[in-house]
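Undergrad: I'd like to ask you about the structure that follows.
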Amino acid sequence: MERSRWWLRPGTAASAGILVVLLSTAWTVVGLWHQWAHPVVGWLPLPVGITLAAYACRQASKAPNIDAGTRRFWRHLAVACGFYLGGIVANTVDAVGGPTPSQRITATTLVWYLAVLGIVLWALLRLPSWQRTRSDWLRFSLDACVVLVTSSALVWYFSLHAHPQWAARTGSGGAMLVIVAVGFISVATFVKVAFAGAGRLNRRAVHILAVGSAASTVAGSLTPFLNDYPYLSSTLVAVPIGALGIQLAAIAQVRDSGRPPRARRRSRWVAGLPYLAVVAMNVLLLATNSAYPGENDIIKIGAVAITVLVMVRQILVLRDNRRLLETVDSNLTALRGFQAELTHQASHDPLTGVANRTSLDTHLDRLLSSGTPMHVALLDLDNFKIVNDRLGHRTGDRLLKTISARLTETVGGNGLVARLGGDEFAVVLPGAEAMQVTVLLDRVTTVLRQPIEGIGSLTGCAASIGVTTSWAGDTPEELLRRADVAMYAAKEQGGNRLHWFDAAMDHRAAESARLGADLEHALARGEMFLLYQPIVELPSHRHAGVEVLLRWKHPLRGLIPPDVFIPMSEQSGLIIDIGRWVLENACRQATTWQREYGDDAPEKVSINVSARQLAEPSFVSDVEDILTRTGVDRSRLMLEITETAVLDSGPALAAVRELRRRGLRVALDDFGTGQSSLSLLLDCPVDVLKVDKSFVSGSAVGNAGAAIVEGLIGFTSRLHLDAVAEGVETFDQAEHLHSAGYRFAQGYLFGRPMPAEAIEATLARNRREDAAPSYTVTIVG
């Protein structure tokens, strides 16, 4: 605010309004003992107070951050102050304009005052109401009736029933009308704000308005007591008090305009207002003892009316409470249902509906805590990955649901079935004997092998099951660990069987874990090396090549068989690094032989890679990088794969096709031992078939083996494929193979695995004999 308008600052203006109230009150009080010679002086401060109130309302209507409804309210109140000022001027003329001072109020003054009251009522009613239900509005109507009846009775008893005497003393009924009207404004303000709300109007401003209106009404009701002082009027106090209330309310609105609105809430004492009205009417009824029966009847009628209204209101409240309780009860029932559903979801597998890992752990904890003996079986489906890969994951999910249902039905009330994840299930059998457990689990394996309807061509499902018995001091983790060890032992024995845990398994598992940890550092410590086994040409037994075998010499255990560490490296993923090392060293050795022996160096080098390597997205680029860095002639290389590596026609088969497109030949190793060997030849681009040694020198070497060997060489020649017979150990086997049509063979008959130096000696001898051998490099023996 500018310095020149300091007098309009809120604090200064409020002080001025308070000063007006004090001056007017002092003038009136002193006038009770001293007759003022110039009564008009007492009326002069009143327009000042009204002007200050009007200016404050105008400022409140311009305050920032207020809504349109609140802004409109303060504009209406500023207009009301203008009419209030007109009423004060008219009232002053009525009081001191005649020959003698008077307390009369003319019709003109009443019109001004009633206009003020009408504008204020209109402004209050236009304030936005809170959102209320139909029952709320019905209770509000009853509360309003209670307030109006009570207020009317009190006003009638204390004022209106003595109206003739007041009118006779003042010479007019206007004063009484103004008092009643102001009181009605106070009641209307209270009822509107207490229940229906006042929009975003500042609550402190509303309270100040209500208090100011009520105080002004009380001051105005003093008029009959000033009948003996015609030069005085209760208006001298009532008007400044009312104007000050308006001014302070507007100032409160301005100061609060920058703050966020506080949450609306209904005070508890408002809810008790109807009961307070009943008490007030009953007190008034007991206090009334008029000589006129009509007056007593009016009070009685008022008391009965109030009681009836409150009773009706209470009936409505009870009805609403009953509905609320029914709603709450319905919501609680639904909530209990939701809680039960959430509990079920938290403790059960979402796919199969059986217990999950959390529920299983809780169940095992409870049984172990109570000391109940039990057996825990861990069940894992055999070849479940093939079902997912061939028939799709949806079919795999349907299979898991079917297996879960069969397990639950077979176990029944004897135990708990839980799914741990994937295709792994657990069965907890408390209190059962070992023989009973064996019988039950045998029945489980039988049930699982039964045909499964609606799941493609799947005729049944096999499972590997490991079982353990609970011991003292067990934990859920330890029980599941032992069952897991037993289950893997069942898988190692071919699957589709039951295996009980014994202490020796822990020793083997620990040994395997230690060996696996040593395998992680075998390459870095230089413990891996390569040996070469000759491949010969039949019938001359001339060396046509070599197969390079990977070996691991453990510093403490000596040589570790390939059938031990190769599967271990595939499970751990170490085969990726080991295979890359073998590939690079084989290529470097082939490059060295090519550089030293020229045309006498091996013409072909076949490199065996595992399924894990083929599945790697970067495998093709890794091979290309090694070929570039080592400088090997790619026309001399051949990749040797197993049929299980490309059985699912996925990324592995795509990698083989890409490498063959880049000039590398492909050999299919261990041919005849897989599940779809012949059909695989239609999709997989191969150049060489290596017939598995089980058909040459194994248990199938009899008539059946001979028929297979002869059949294989027949269609390989028609498909323009080379064939290599593995595992030849005797001259008779070599002669039989040659007579059947085989040109190449390898086995102990022609030479055991040997170091590179021995191969170089053979190369030197072949150079002298003008031979051109072919060589095979592989990871597995």
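Just remember, in the structure tokens the first chain shown is A, the second B, etc., residues are 1-based per chain, and ligands are 1-based in the order shown.
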If you run DSSP on this backbone, which residues of region 505-742 of chain A come out as strand (DSSP E or B), and could you give them as an MDAnalysis selection string?
TA: chainID A and resid 528:537 542:554 558:560 605:608 637:642 665:671 688:691 722:725
Undergrad: Store the residues picked out above in a file with N, CA and C atoms, as a compact mmCIF listing (two decimals), in the first residue's frame.
TA:
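The new file again-v8.txt reads:
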# COMPACT_ATOMS: atom_id res chain seq x y z
N MET A 528 44.15 -77.99 -19.33
CA MET A 528 43.51 -78.59 -20.50
C MET A 528 44.56 -78.81 -21.60
N PHE A 529 44.44 -79.92 -22.32
CA PHE A 529 45.33 -80.16 -23.45
C PHE A 529 44.61 -81.04 -24.48
N LEU A 530 45.19 -81.15 -25.68
CA LEU A 530 44.58 -81.88 -26.78
C LEU A 530 45.41 -83.12 -27.15
N LEU A 531 44.72 -84.20 -27.48
CA LEU A 531 45.33 -85.42 -28.04
C LEU A 531 44.65 -85.72 -29.37
N TYR A 532 45.34 -86.50 -30.22
CA TYR A 532 44.85 -86.75 -31.57
C TYR A 532 44.77 -88.25 -31.82
N GLN A 533 43.63 -88.70 -32.28
CA GLN A 533 43.44 -90.13 -32.61
C GLN A 533 43.30 -90.27 -34.13
N PRO A 534 44.04 -91.20 -34.73
CA PRO A 534 44.01 -91.33 -36.20
C PRO A 534 42.66 -91.80 -36.72
N ILE A 535 42.36 -91.34 -37.95
CA ILE A 535 41.25 -91.86 -38.76
C ILE A 535 41.90 -92.44 -40.01
N VAL A 536 41.52 -93.69 -40.36
CA VAL A 536 42.21 -94.38 -41.46
C VAL A 536 41.28 -94.62 -42.63
N GLU A 537 41.91 -94.93 -43.74
CA GLU A 537 41.18 -95.28 -44.96
C GLU A 537 41.19 -96.79 -45.11
N ARG A 542 45.67 -96.79 -44.25
CA ARG A 542 46.47 -95.57 -44.33
C ARG A 542 45.80 -94.48 -43.50
N HIS A 543 46.63 -93.66 -42.86
CA HIS A 543 46.09 -92.57 -42.04
C HIS A 543 45.43 -91.53 -42.95
N ALA A 544 44.13 -91.38 -42.77
CA ALA A 544 43.37 -90.39 -43.55
C ALA A 544 43.09 -89.14 -42.71
N GLY A 545 43.44 -89.15 -41.46
CA GLY A 545 43.20 -87.98 -40.61
C GLY A 545 43.33 -88.33 -39.16
N VAL A 546 43.03 -87.35 -38.30
CA VAL A 546 43.04 -87.58 -36.85
C VAL A 546 41.83 -86.90 -36.23
N GLU A 547 41.42 -87.41 -35.09
CA GLU A 547 40.39 -86.74 -34.27
C GLU A 547 41.08 -86.18 -33.04
N VAL A 548 40.86 -84.90 -32.77
CA VAL A 548 41.50 -84.24 -31.64
C VAL A 548 40.57 -84.33 -30.44
N LEU A 549 41.08 -84.90 -29.34
CA LEU A 549 40.29 -85.13 -28.13
C LEU A 549 40.76 -84.20 -27.01
N LEU A 550 39.81 -83.64 -26.30
CA LEU A 550 40.12 -82.74 -25.18
C LEU A 550 40.33 -83.57 -23.91
N ARG A 551 41.37 -83.24 -23.16
CA ARG A 551 41.65 -83.94 -21.91
C ARG A 551 41.91 -82.92 -20.81
N TRP A 552 41.62 -83.33 -19.58
CA TRP A 552 41.84 -82.48 -18.41
C TRP A 552 42.67 -83.26 -17.40
N LYS A 553 43.84 -82.72 -17.08
CA LYS A 553 44.71 -83.33 -16.07
C LYS A 553 44.60 -82.52 -14.79
N HIS A 554 43.88 -83.07 -13.83
CA HIS A 554 43.69 -82.40 -12.54
C HIS A 554 45.00 -82.50 -11.74
N GLY A 558 44.60 -86.33 -11.19
CA GLY A 558 45.11 -86.85 -12.45
C GLY A 558 44.12 -86.63 -13.57
N LEU A 559 44.10 -87.53 -14.55
CA LEU A 559 43.22 -87.38 -15.70
C LEU A 559 41.75 -87.58 -15.30
N ILE A 560 40.91 -86.61 -15.68
CA ILE A 560 39.47 -86.68 -15.43
C ILE A 560 38.81 -87.10 -16.73
N VAL A 605 39.78 -80.35 -41.56
CA VAL A 605 39.79 -80.31 -40.09
C VAL A 605 38.35 -80.14 -39.62
N SER A 606 37.84 -81.16 -38.92
CA SER A 606 36.46 -81.12 -38.42
C SER A 606 36.44 -80.74 -36.95
N ILE A 607 35.63 -79.75 -36.58
CA ILE A 607 35.62 -79.22 -35.21
C ILE A 607 34.26 -79.45 -34.59
N ASN A 608 34.23 -80.24 -33.53
CA ASN A 608 32.98 -80.58 -32.85
C ASN A 608 32.60 -79.47 -31.88
N LEU A 637 38.27 -77.03 -43.00
CA LEU A 637 37.59 -77.20 -41.71
C LEU A 637 36.23 -77.88 -41.87
N MET A 638 35.81 -78.58 -40.80
CA MET A 638 34.49 -79.20 -40.76
C MET A 638 33.94 -79.10 -39.33
N LEU A 639 32.70 -78.68 -39.20
CA LEU A 639 32.04 -78.61 -37.90
C LEU A 639 31.34 -79.92 -37.62
N GLU A 640 31.57 -80.47 -36.44
CA GLU A 640 30.97 -81.74 -36.06
C GLU A 640 29.95 -81.49 -34.95
N ILE A 641 28.69 -81.83 -35.21
CA ILE A 641 27.61 -81.56 -34.27
C ILE A 641 26.87 -82.84 -33.95
N THR A 642 26.09 -82.82 -32.87
CA THR A 642 25.22 -83.96 -32.52
C THR A 642 23.80 -83.63 -32.95
N ARG A 665 32.31 -77.27 -43.80
CA ARG A 665 31.57 -78.52 -43.95
C ARG A 665 31.02 -78.94 -42.59
N VAL A 666 29.98 -79.80 -42.60
CA VAL A 666 29.29 -80.22 -41.38
C VAL A 666 29.27 -81.73 -41.30
N ALA A 667 29.63 -82.27 -40.12
CA ALA A 667 29.54 -83.71 -39.85
C ALA A 667 28.55 -83.94 -38.73
N LEU A 668 27.73 -85.01 -38.87
CA LEU A 668 26.75 -85.35 -37.85
C LEU A 668 27.31 -86.50 -37.03
N ASP A 669 27.63 -86.23 -35.75
CA ASP A 669 28.32 -87.19 -34.88
C ASP A 669 27.32 -88.10 -34.19
N ASP A 670 27.79 -89.30 -33.78
CA ASP A 670 26.99 -90.27 -33.03
C ASP A 670 25.68 -90.57 -33.75
N PHE A 671 25.73 -90.68 -35.08
CA PHE A 671 24.51 -90.87 -35.84
C PHE A 671 23.85 -92.21 -35.51
N VAL A 688 28.97 -85.28 -43.80
CA VAL A 688 29.55 -86.53 -43.30
C VAL A 688 28.68 -87.07 -42.18
N LEU A 689 28.49 -88.42 -42.15
CA LEU A 689 27.82 -89.09 -41.05
C LEU A 689 28.86 -89.93 -40.30
N LYS A 690 28.91 -89.78 -38.97
CA LYS A 690 29.78 -90.61 -38.15
C LYS A 690 28.91 -91.63 -37.43
N VAL A 691 29.04 -92.89 -37.83
CA VAL A 691 28.21 -93.96 -37.27
C VAL A 691 28.70 -94.28 -35.87
N ASP A 722 29.64 -88.78 -47.07
CA ASP A 722 30.70 -89.65 -46.58
C ASP A 722 30.28 -90.24 -45.25
N ALA A 723 30.79 -91.46 -44.94
CA ALA A 723 30.47 -92.12 -43.68
C ALA A 723 31.76 -92.54 -43.00
N VAL A 724 31.84 -92.32 -41.68
CA VAL A 724 32.99 -92.71 -40.87
C VAL A 724 32.48 -93.62 -39.76
N ALA A 725 33.01 -94.84 -39.66
CA ALA A 725 32.62 -95.78 -38.61
C ALA A 725 33.52 -95.58 -37.41
